[in-house]
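Novice: Input model.cif, format and content: mmCIF, N, CA and C atoms.
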data_target
loop_
_atom_site.label_atom_id
_atom_site.label_comp_id
_atom_site.auth_asym_id
_atom_site.auth_seq_id
_atom_site.Cartn_x
_atom_site.Cartn_y
_atom_site.Cartn_z
N MET A 1 261.05 93.18 91.35
CA MET A 1 259.69 92.72 91.39
C MET A 1 259.35 92.06 92.73
N GLU A 2 260.28 91.25 93.22
CA GLU A 2 260.02 90.54 94.47
C GLU A 2 259.83 91.51 95.62
N ASP A 3 260.57 92.64 95.60
CA ASP A 3 260.41 93.64 96.65
C ASP A 3 259.00 94.24 96.62
N LEU A 4 258.47 94.50 95.43
CA LEU A 4 257.11 95.04 95.31
C LEU A 4 256.08 94.03 95.82
N LYS A 5 256.30 92.77 95.50
CA LYS A 5 255.36 91.74 95.95
C LYS A 5 255.38 91.65 97.48
N LEU A 6 256.57 91.71 98.07
CA LEU A 6 256.68 91.68 99.53
C LEU A 6 256.04 92.90 100.16
N LEU A 7 256.22 94.06 99.55
CA LEU A 7 255.59 95.29 100.05
C LEU A 7 254.07 95.17 99.98
N LEU A 8 253.58 94.64 98.90
CA LEU A 8 252.14 94.44 98.73
C LEU A 8 251.61 93.50 99.82
N ILE A 9 252.29 92.40 100.03
CA ILE A 9 251.88 91.44 101.06
C ILE A 9 251.89 92.09 102.44
N ASP A 10 252.93 92.86 102.73
CA ASP A 10 253.00 93.57 104.02
C ASP A 10 251.83 94.54 104.18
N ARG A 11 251.50 95.26 103.12
CA ARG A 11 250.37 96.21 103.19
C ARG A 11 249.05 95.48 103.41
N LEU A 12 248.89 94.34 102.76
CA LEU A 12 247.66 93.57 102.96
C LEU A 12 247.56 93.07 104.40
N LYS A 13 248.67 92.58 104.93
CA LYS A 13 248.69 92.13 106.33
C LYS A 13 248.40 93.28 107.28
N SER A 14 248.96 94.45 107.00
CA SER A 14 248.77 95.60 107.90
C SER A 14 247.33 96.09 107.89
N GLN A 15 246.60 95.77 106.82
CA GLN A 15 245.19 96.15 106.76
C GLN A 15 244.29 95.05 107.32
N GLY A 16 244.90 94.03 107.91
CA GLY A 16 244.13 93.01 108.60
C GLY A 16 243.86 91.73 107.85
N MET A 17 244.45 91.56 106.67
CA MET A 17 244.21 90.33 105.93
C MET A 17 245.06 89.22 106.53
N ASP A 18 244.44 88.08 106.73
CA ASP A 18 245.12 86.89 107.23
C ASP A 18 246.12 86.40 106.18
N SER A 19 247.31 86.05 106.62
CA SER A 19 248.36 85.61 105.70
C SER A 19 247.94 84.43 104.83
N SER A 20 247.14 83.54 105.39
CA SER A 20 246.73 82.36 104.63
C SER A 20 245.76 82.69 103.49
N LEU A 21 245.12 83.87 103.55
CA LEU A 21 244.17 84.27 102.52
C LEU A 21 244.81 85.06 101.37
N ILE A 22 246.01 85.55 101.59
CA ILE A 22 246.65 86.44 100.61
C ILE A 22 246.80 85.78 99.23
N PRO A 23 247.28 84.54 99.12
CA PRO A 23 247.41 83.96 97.77
C PRO A 23 246.08 83.91 97.01
N SER A 24 245.01 83.54 97.68
CA SER A 24 243.70 83.49 97.02
C SER A 24 243.21 84.88 96.65
N PHE A 25 243.44 85.84 97.53
CA PHE A 25 243.06 87.22 97.26
C PHE A 25 243.80 87.74 96.03
N LEU A 26 245.11 87.50 95.98
CA LEU A 26 245.90 87.98 94.84
C LEU A 26 245.47 87.30 93.54
N LYS A 27 245.07 86.04 93.62
CA LYS A 27 244.57 85.35 92.43
C LYS A 27 243.29 86.01 91.92
N ALA A 28 242.36 86.30 92.84
CA ALA A 28 241.12 86.96 92.45
C ALA A 28 241.39 88.34 91.88
N LEU A 29 242.28 89.07 92.54
CA LEU A 29 242.61 90.42 92.09
C LEU A 29 243.28 90.41 90.73
N THR A 30 244.19 89.48 90.53
CA THR A 30 244.86 89.33 89.23
C THR A 30 243.85 89.04 88.13
N SER A 31 242.91 88.18 88.43
CA SER A 31 241.88 87.83 87.45
C SER A 31 241.04 89.06 87.07
N ILE A 32 240.66 89.84 88.06
CA ILE A 32 239.86 91.04 87.81
C ILE A 32 240.63 92.03 86.95
N ILE A 33 241.88 92.29 87.33
CA ILE A 33 242.68 93.29 86.62
C ILE A 33 243.00 92.82 85.20
N SER A 34 243.31 91.53 85.03
CA SER A 34 243.63 91.08 83.67
C SER A 34 242.41 91.02 82.77
N SER A 35 241.24 90.85 83.34
CA SER A 35 240.04 90.81 82.51
C SER A 35 239.62 92.21 82.05
N GLU A 36 240.04 93.23 82.80
CA GLU A 36 239.71 94.62 82.46
C GLU A 36 240.90 95.53 82.71
N PRO A 37 241.88 95.51 81.83
CA PRO A 37 243.03 96.41 82.02
C PRO A 37 242.56 97.87 82.09
N GLY A 38 243.12 98.62 82.98
CA GLY A 38 242.74 100.02 83.13
C GLY A 38 241.54 100.22 84.03
N ILE A 39 241.06 99.17 84.67
CA ILE A 39 239.90 99.27 85.56
C ILE A 39 240.21 100.22 86.70
N ASP A 40 239.21 100.98 87.11
CA ASP A 40 239.44 101.94 88.20
C ASP A 40 239.24 101.25 89.55
N PRO A 41 239.84 101.81 90.59
CA PRO A 41 239.78 101.18 91.92
C PRO A 41 238.37 100.93 92.43
N ALA A 42 237.44 101.81 92.18
CA ALA A 42 236.07 101.62 92.66
C ALA A 42 235.45 100.36 92.05
N GLN A 43 235.69 100.14 90.77
CA GLN A 43 235.17 98.94 90.11
C GLN A 43 235.85 97.68 90.62
N VAL A 44 237.15 97.78 90.87
CA VAL A 44 237.88 96.64 91.44
C VAL A 44 237.25 96.26 92.78
N ASN A 45 237.00 97.26 93.63
CA ASN A 45 236.42 96.99 94.94
C ASN A 45 235.02 96.38 94.83
N LEU A 46 234.22 96.87 93.89
CA LEU A 46 232.89 96.28 93.70
C LEU A 46 232.99 94.80 93.32
N LYS A 47 233.89 94.50 92.41
CA LYS A 47 234.06 93.12 91.98
C LYS A 47 234.61 92.25 93.11
N LEU A 48 235.56 92.78 93.87
CA LEU A 48 236.09 92.03 95.01
C LEU A 48 234.99 91.79 96.05
N ASN A 49 234.20 92.81 96.32
CA ASN A 49 233.12 92.67 97.29
C ASN A 49 232.10 91.63 96.84
N SER A 50 231.84 91.56 95.54
CA SER A 50 230.89 90.56 95.03
C SER A 50 231.44 89.14 95.20
N LEU A 51 232.77 89.03 95.33
CA LEU A 51 233.40 87.74 95.57
C LEU A 51 233.64 87.50 97.06
N GLU A 52 233.06 88.37 97.90
CA GLU A 52 233.18 88.27 99.36
C GLU A 52 234.57 88.64 99.90
N TRP A 53 235.34 89.40 99.13
CA TRP A 53 236.62 89.92 99.61
C TRP A 53 236.37 91.33 100.12
N ASN A 54 236.11 91.45 101.40
CA ASN A 54 235.77 92.74 102.00
C ASN A 54 236.86 93.26 102.93
N GLU A 55 237.93 92.51 103.12
CA GLU A 55 238.96 92.86 104.09
C GLU A 55 239.76 94.11 103.74
N VAL A 56 239.99 94.32 102.46
CA VAL A 56 240.89 95.39 102.00
C VAL A 56 240.22 96.19 100.90
N ALA A 57 240.36 97.51 100.98
CA ALA A 57 239.89 98.39 99.90
C ALA A 57 241.08 98.74 99.01
N ILE A 58 240.93 98.48 97.73
CA ILE A 58 241.99 98.77 96.76
C ILE A 58 241.86 100.23 96.32
N ASP A 59 242.99 100.92 96.30
CA ASP A 59 243.01 102.30 95.83
C ASP A 59 244.00 102.42 94.66
N TYR A 60 244.14 103.62 94.16
CA TYR A 60 245.01 103.88 93.01
C TYR A 60 246.43 103.40 93.28
N HIS A 61 246.94 103.64 94.50
CA HIS A 61 248.32 103.27 94.84
C HIS A 61 248.50 101.75 94.83
N TYR A 62 247.50 101.02 95.31
CA TYR A 62 247.56 99.56 95.23
C TYR A 62 247.64 99.12 93.78
N LEU A 63 246.80 99.69 92.93
CA LEU A 63 246.82 99.30 91.52
C LEU A 63 248.16 99.58 90.88
N GLN A 64 248.77 100.71 91.23
CA GLN A 64 250.08 101.04 90.68
C GLN A 64 251.13 100.04 91.15
N MET A 65 251.02 99.60 92.38
CA MET A 65 251.96 98.64 92.94
C MET A 65 251.70 97.25 92.36
N LEU A 66 250.45 96.94 92.11
CA LEU A 66 250.08 95.60 91.64
C LEU A 66 250.59 95.29 90.24
N SER A 67 250.51 96.24 89.37
CA SER A 67 250.84 95.97 87.97
C SER A 67 252.24 95.35 87.82
N PRO A 68 253.30 95.99 88.30
CA PRO A 68 254.60 95.35 88.15
C PRO A 68 254.79 94.14 89.08
N ALA A 69 254.20 94.18 90.27
CA ALA A 69 254.37 93.10 91.23
C ALA A 69 253.76 91.80 90.72
N LEU A 70 252.69 91.91 89.95
CA LEU A 70 252.02 90.73 89.41
C LEU A 70 252.37 90.49 87.95
N ASN A 71 253.39 91.21 87.46
CA ASN A 71 253.84 91.10 86.07
C ASN A 71 252.72 91.38 85.09
N MET A 72 251.99 92.47 85.35
CA MET A 72 250.86 92.83 84.49
C MET A 72 251.09 94.23 83.92
N ASN A 73 252.04 94.39 83.08
CA ASN A 73 252.38 95.71 82.55
C ASN A 73 251.44 96.14 81.50
#
I need this file expressed as structure tokens, please.

Specialist:
Amino acid sequence: MEDLKLLLIDRLKSQGMDSSLIPSFLKALTSIISSEPGIDPAQVNLKLNSLEWNEVAIDYHYLQMLSPALNMN
């Protein structure tokens, strides 16, 4: 699990997200995904954008990586 979380963090950094923002971003993302299990990436991005998280676009691969990394099976 820790390897997936590190990979996720590296991908977020590589897309330009500031390291200091990652914990808050992951908290918002976790909240969105747990409130709507099975949500599609386009809806995730809309919700993130409404919260002013515009740095990273979430796609299917991110969602697949997020589920085990955030312990959301």

Novice: Go through the shown structure with the PyMOL selection byres ((chain A and resi 56) around 8) and write out the matching residues as a list of chain:residue names.

Specialist: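 For this structure, the PyMOL selection byres ((chain A and resi 56) around 8) resolves to A:Leu12, A:Gln15, A:Gly16, A:Met17, A:Asn45, A:Trp53, A:Asn54, A:Glu55, A:Ala57, A:Ile58, A:Asp59.
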
Novice: So, with only C-alpha atoms as the atoms that count, which of A:Ile32, A:Leu21, A:Leu8, A:Leu66 lies closest to Leu46 (chain A)?

Specialist: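 For Leu46 (chain A), the nearest of the candidates is A:Ile32.
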
Novice: Could you expand the PyMOL selection byres (((chain A and resi 39 and name CA) around 12) and name CA) into the explicit residues it covers here, written as a VMD selection string?

Specialist: chain A and resid 29 to 38 40 to 47 58 to 60 63 to 64 67

Novice: What is the distance, in Å and to one decimal place, between CA of Leu6 (chain A) and CA of Ser50 (chain A)?

Specialist: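 A separation of 26.2 Å between them.
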
Novice: Which one of A:Ala28, A:Pro23, A:Met65, A:Asp18 sits closest to Lys5 (chain A) if you count only C-alpha atoms?

Specialist: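 Looking only at the distances to Lys5 (chain A), the closest residue turns out to be A:Met65.
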
Novice: Let me make sure I understand: among A:His61, A:Ile9, A:Asn49, A:Asp3, which one has the smallest atom-to-atom distance to Leu26 (chain A) if we use only C-alpha atoms?

Specialist: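 Once distances to Leu26 (chain A) are computed over only C-alpha atoms, the minimum belongs to A:Ile9.
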
Novice: In Å, rounded to a single decimal, give me how far CA of Tyr62 (chain A) is from CA of Arg11 (chain A).

Specialist: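 These atoms are spaced 9.1 Å apart.
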
Novice: What does the distance between atom C of Glu52 (chain A) and atom N of Glu2 (chain A) come to in Å, to one decimal place?

Specialist: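 One can read the atom C of Glu52 (chain A) to atom N of Glu2 (chain A) distance as 26.7 Å.
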
Novice: Assuming 3 Å of padding per side, give the centre and edge lengths of the axis-aligned box around every listed atom of region 18-27 of chain A, in Å to one decimal and as JSON.

Specialist:
{"center_x": 245.7, "center_y": 85.2, "center_z": 99.6, "size_x": 11.3, "size_y": 11.7, "size_z": 21.3}
